[in-house]
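Chemist: Handing you a structure now.
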Amino acid sequence: MLRDGKAITVSGITREFGPATAVDGISFEVDRGEFFGFLGPNGAGKTTLIRMLTTLLKPTSGQAIVSGFDVAEDPARVRKHIGVVPQAMTSDLDLTGRENMDIYGRFYGIRSGERKERIEYLLEMVGLAPRADDLVATYSGGMRRRLEIARVLVHKPALLFLDEPTIGLDPQSRRVVWELLKKLMQGDSITIFLTTHYMEEAELLCGRVAIIDAGKIIAMGSPAALKAGIPGNDIVTLKVGGLTDEIIGAMEKLPFVHKVSREEDSLAASVDNGAENLPQLIDVVRASGGAIVAASVHEQSLEDVFIHYTGKSIREEEARKVSFLIGAGMPQRLGR
Amino acid sequence: MTDLNAIYVIVMRELKKFVREKSRLVSSIARPLIWLFLVGAGMSRLVSPRAGMPYTRFIFPGILGMTILFSSIFSSISIIWDKEFGFLKEILVAPVRRSSIVIGKSLSGTAVSAIQVFIVLMTFPVIGERLSFLQVLLTLLVGLLVAFSISSFGIVIATFYENYESFSVIMNFIIMPMFFLSGAMYPVKLLPSALRWASRLNPLTYGVDALKNTMFQAKAGPMSPDFSFSLDMLVIALSSAVFVLLASVFFERKQ
Ligand SMILES: Nc1ncnc2c1ncn2[C@@H]1O[C@H](COP(=O)(O)OP(=O)(O)O)[C@@H](O)[C@H]1O
Ligand SMILES: [Mg+2]
């Protein structure tokens with residue numbers, strides 16, 4: 001039933017909103033059993049892409065085959081095989097955790113005995129069993145997220161879509177959700193498609209990552225391959241008193257330095273073997289009249305891959321995104 | 001089968017939430033009672049009982065219509081919240097027909113309205129109305145059908161809902177005129193001809209009139225029902241079908 005064993009095959013998918021193009025001719029494939037991630041900043045087109053893959057939005061052009069069926073031509077067949085955890089939290093606050101799961105299970109027509117058993121198992125798995133009969137209104141953000149992940153598993157989807165599953169969570173809750181998703185991958189032969197703008201998340205969870213910006217894939221591969229694909233393997237960050245363009249010019253002449261970018265009085269250089277070459281870098285800065293205020297070396301991350309291809313940082317968007325989320329959360333109470 | 005089941009689950013969820021939200025229950029029942037007793041008592045002094053009956057008794061079916069109008073439309077509009085921020089966001093990805101979701105949501109509004117209509121209706125002895133058991137039963141049944149028609153109308157409205165501002169537009173330009181032009185507060189036949197025509201285009205008019213037909217004895221005079229019971233029921237049935245159809249089409253297209 002699944003064409004070539006692929007969970008998802010997308011070719012040239014595009015979605016326009018009036019004059020704006022949210023997703024711009026994207027093509028990729030996801031194997032069954034893969035943990036595939038889309039990494040990109042706010043507004044990159046991740047949610048639009050997920051909405052198309054989950055049959056909620058028609059593509060303007062291009063094609064997507066999900067679980068063996070065309071999302072535009074056969075949405076009902078696609079829906080049978082997938083589960084979706086949307087970006088916004090969707091559990092009912094005035095129902096208990098167990099009731100939320102029960103309603104979802106009933107909606108999928110799962111028989112009573114099997115449903116109860118499955119719900120019990122899943123509540124246990126996500127660590128919510130002791131709080132299952134409390135109203136969701138009393139849950140923390142992380143607990144709500146775990147409930148929503150447990151809920152979407154009630155009907156045993158073969159393919160799971162998660163749109164920014166840890167957005168707005170505190171670092172500790174985020175880690176709990178990560179552990180949960182890792183555990184999921186070890187179990188059944190499930191395929192997970194996740195979007196995120198947290199590079200640690202993509203790096204930690206995904207077997208393969210597509211980096212998306214302005215509706216286009218700019219790089220794709222395993223996190224290791226993506227990092228190997230850009231020059232250098234370390235980033236040296238220096239805070240320099242009296243930073244001038246001459247200092248940067250001098251650094252760029254060094255054979256082990258690939259690229260230097262400046263932000264106010266700090267500079268970040270992508271280099272080979274940062275720890276060993278740091279003393280030499282410091283010497284060059286001093287010789288050109290700069291004073292070192294602080295220095296650090298870290299391994300290149302997916303963030304640096306993003307910066308390499310786009311010249312900007314994913315993180316810049318973060319603050320704006322969180323405030324948007326707070327705004328979007330409001331109407332749920334307002335409406336009743 | 002899955003679709004029938006889905007309809008059942010949508011209604012069950014709505015009822016569970018409704019029963020749990022005490023403030024919503026209390027305020028939705030308080031509104032019609034305040035109208036009935038305050039407006040009714042005040043106006044009774046102005047409107048002579050010689051016109052047919054005490055004014056409080058005259059507006060009783062209209063107040064039931066108001067109960068249906070408000071609770072059905074509010075319940076239906078929540079389909080938008082559910083879709084953007086809640087339950088439906090995930091459910092729309094389930095293998096269930098869109099028309100089943102629309103019907104489930106209409107029936108939710110119907111169920112929630114019916115509970116309120118029942119409670120308000122049971123105050124009839126207080127205003128000096130005398131109803132037989134059969135009349136109470138028939139009134140409830142008619143109330144159910146009217147609630148279904150108005151709930152599905154509410155979903156049609158909800159598909160035009162864009163943002164919070166449009167809610168006050170709906171309130172001021174749809175709900176209030178619908179109420180005042182429904183014959184709830186004054187007989188349609190006494191209105192100036194332009195307004196009389198507007199009333200005839202209002203689906204709630206036939207609902208209120210059907211309730212008058214089941215409750216009032218007098219079949220003549222200024223306060224009697226404006227149309228025949230069978231015409232009322234015909235319009236309610238036809239408009240329900242049209243609204244469900246429109247709601248399904250619009251809802252499908254809106255995503
Ligand atoms: N319904 C819509 N109407 C108009 N523009 C939209 C709509 N949905 C998304 N967009 C635009 O498409 C772009 C991508 O949005 P989105 O897919 O939500 O990005 P992401 O999920 O990566 O943050 C943004 O510029 C956004 O403003
Ligand atoms: Mg998004």
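How things are named: the first chain in the structure tokens is A, the next is B, and so on; residues count from 1 in each chain; ligands count from 1 in the order shown.
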Select all residues from chain B having any atom no more than 7 Å from an atom of chain A (counting only C-alpha atoms, ignoring ligands), output as a list in words.
Modeler: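 The answer, sorted by residue number, is Thr2, Asn5, Ala6, Val9, Lys17, Ser78, Trp81, Phe85, Gly86, Phe87, Glu90, Val93, Ala94, Pro95 and Gln255 of chain B.
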Chemist: Let me have all residues with an atom within 10 Å of ligand 1, counting only C-alpha atoms and all ligand atoms, laid out as a VMD selection string.
Modeler: (chain A and resid 15 to 23 38 to 52 57 87 163 to 164 195 to 197 212 to 215 317 321) or (chain B and resid 255)
Chemist: Check the smallest atom-to-atom distance from each of A:Val177, A:Leu194, A:Val30, A:Val297 to ligand 2 using only C-alpha atoms and all ligand atoms, then report the winner.
Modeler: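 That would be A:Leu194, the residue with the smallest distance to ligand 2.
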Chemist: Per DSSP on the backbone, filter segment 7-252 of chain A down to the residues in strand (DSSP E or B) and report them as number ranges by chain.
Modeler: A: 7-17, 20-31, 35-39, 61-66, 69-70, 82-85, 96, 135, 159-163, 191-196, 208-213, 216-221, 234-241
Chemist: Extract, using only C-alpha atoms, all DNA, RNA and protein residues at most 10 Å from Ser67 of chain A, discarding same-chain residues fewer than 3 positions from it, and format them as a PyMOL selection string.
Modeler: chain A and resi 1-3+5-9+32+64+70-71+77-82+158-159
Chemist: Counting only C-alpha atoms, what is within 9 Å of Ser75 of chain B, bar same-chain residues fewer than 3 positions away, as a PyMOL selection string?
Modeler: (chain A and resi 336) or (chain B and resi 14+70-72+78-79+105-106+108-110+112-113+151+154-155)
Chemist: Would you save the residues of that selection, restricted to all heavy atoms, as a short mmCIF file (atom, residue, chain, number, x, y, z; two decimals), in the first residue's frame?
Modeler:
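Okay, selection04.cif is ready:
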```cif
data_model
loop_
_atom_site.label_atom_id
_atom_site.label_comp_id
_atom_site.auth_asym_id
_atom_site.auth_seq_id
_atom_site.Cartn_x
_atom_site.Cartn_y
_atom_site.Cartn_z
N ARG A 336 -16.28 31.40 25.82
CA ARG A 336 -17.39 30.68 26.44
C ARG A 336 -18.26 31.57 27.31
O ARG A 336 -17.77 32.52 27.86
CB ARG A 336 -16.82 29.54 27.32
CG ARG A 336 -15.99 28.59 26.50
CD ARG A 336 -16.88 27.81 25.52
NE ARG A 336 -16.27 27.64 24.22
CZ ARG A 336 -15.38 26.70 23.94
NH1 ARG A 336 -15.00 25.86 24.83
NH2 ARG A 336 -14.88 26.61 22.73
N GLU B 14 -20.06 18.47 24.21
CA GLU B 14 -20.66 19.77 24.44
C GLU B 14 -21.52 19.76 25.71
O GLU B 14 -21.48 20.68 26.52
CB GLU B 14 -21.52 20.15 23.22
CG GLU B 14 -22.04 21.57 23.26
CD GLU B 14 -21.06 22.56 22.65
OE1 GLU B 14 -20.04 22.11 22.08
OE2 GLU B 14 -21.31 23.76 22.75
N PHE B 70 -30.34 32.76 21.52
CA PHE B 70 -29.03 33.06 22.10
C PHE B 70 -28.20 31.80 22.29
O PHE B 70 -27.04 31.74 21.88
CB PHE B 70 -29.19 33.79 23.44
CG PHE B 70 -29.40 35.25 23.28
CD1 PHE B 70 -30.66 35.74 22.97
CD2 PHE B 70 -28.35 36.15 23.40
CE1 PHE B 70 -30.87 37.10 22.78
CE2 PHE B 70 -28.55 37.51 23.22
CZ PHE B 70 -29.81 37.98 22.92
N SER B 71 -28.77 30.78 22.92
CA SER B 71 -27.92 29.63 23.25
C SER B 71 -27.54 28.86 22.00
O SER B 71 -26.42 28.38 21.89
CB SER B 71 -28.59 28.74 24.28
OG SER B 71 -29.71 28.15 23.72
N SER B 72 -28.42 28.79 21.02
CA SER B 72 -28.07 28.06 19.80
C SER B 72 -26.97 28.78 19.04
O SER B 72 -26.01 28.16 18.57
CB SER B 72 -29.29 27.91 18.89
OG SER B 72 -30.25 27.10 19.51
N SER B 78 -19.14 28.66 18.63
CA SER B 78 -17.96 28.04 19.25
C SER B 78 -17.28 27.07 18.30
O SER B 78 -16.16 26.64 18.54
CB SER B 78 -18.33 27.35 20.56
OG SER B 78 -18.99 26.13 20.30
N ILE B 79 -17.92 26.73 17.19
CA ILE B 79 -17.28 25.87 16.21
C ILE B 79 -16.00 26.54 15.70
O ILE B 79 -15.01 25.88 15.37
CB ILE B 79 -18.23 25.55 15.02
CG1 ILE B 79 -17.75 24.31 14.28
CG2 ILE B 79 -18.36 26.72 14.07
CD1 ILE B 79 -18.72 23.80 13.22
N LYS B 105 -22.43 19.55 15.55
CA LYS B 105 -22.38 20.84 16.21
C LYS B 105 -23.79 21.45 16.30
O LYS B 105 -24.15 22.05 17.31
CB LYS B 105 -21.44 21.73 15.40
CG LYS B 105 -20.68 22.76 16.19
CD LYS B 105 -19.85 22.23 17.31
CE LYS B 105 -19.52 23.42 18.20
NZ LYS B 105 -18.82 23.09 19.42
N SER B 106 -24.61 21.26 15.26
CA SER B 106 -26.00 21.75 15.30
C SER B 106 -26.78 21.04 16.40
O SER B 106 -27.54 21.66 17.13
CB SER B 106 -26.71 21.50 13.97
OG SER B 106 -26.13 22.26 12.95
N SER B 108 -25.52 19.73 19.03
CA SER B 108 -25.01 20.21 20.33
C SER B 108 -25.78 21.45 20.75
O SER B 108 -26.22 21.57 21.89
CB SER B 108 -23.52 20.56 20.24
OG SER B 108 -22.78 19.45 19.85
N GLY B 109 -25.90 22.40 19.82
CA GLY B 109 -26.64 23.62 20.10
C GLY B 109 -28.08 23.30 20.47
O GLY B 109 -28.66 23.89 21.38
N THR B 110 -28.64 22.33 19.75
CA THR B 110 -30.03 21.92 20.01
C THR B 110 -30.17 21.37 21.43
O THR B 110 -31.09 21.74 22.16
CB THR B 110 -30.45 20.83 19.00
OG1 THR B 110 -30.15 21.30 17.69
CG2 THR B 110 -31.92 20.52 19.11
N VAL B 112 -28.21 21.80 24.08
CA VAL B 112 -27.97 22.82 25.10
C VAL B 112 -29.18 23.75 25.20
O VAL B 112 -29.62 24.11 26.30
CB VAL B 112 -26.67 23.58 24.75
CG1 VAL B 112 -26.56 24.85 25.55
CG2 VAL B 112 -25.46 22.69 24.97
N SER B 113 -29.75 24.11 24.05
CA SER B 113 -30.95 24.96 24.04
C SER B 113 -32.11 24.25 24.72
O SER B 113 -32.87 24.86 25.47
CB SER B 113 -31.38 25.29 22.61
OG SER B 113 -30.53 26.24 22.06
N SER B 151 -29.64 26.63 15.33
CA SER B 151 -28.25 26.20 15.52
C SER B 151 -27.54 26.05 14.18
O SER B 151 -26.40 26.48 14.02
CB SER B 151 -28.19 24.86 16.25
OG SER B 151 -28.68 25.00 17.56
N GLY B 154 -26.80 29.28 12.91
CA GLY B 154 -25.64 29.81 13.62
C GLY B 154 -24.32 29.36 12.99
O GLY B 154 -23.36 30.12 12.95
N ILE B 155 -24.29 28.14 12.48
CA ILE B 155 -23.05 27.67 11.86
C ILE B 155 -22.82 28.36 10.52
O ILE B 155 -21.68 28.70 10.19
CB ILE B 155 -23.05 26.14 11.72
CG1 ILE B 155 -23.05 25.53 13.12
CG2 ILE B 155 -21.84 25.65 10.94
CD1 ILE B 155 -23.14 24.04 13.16
#
```
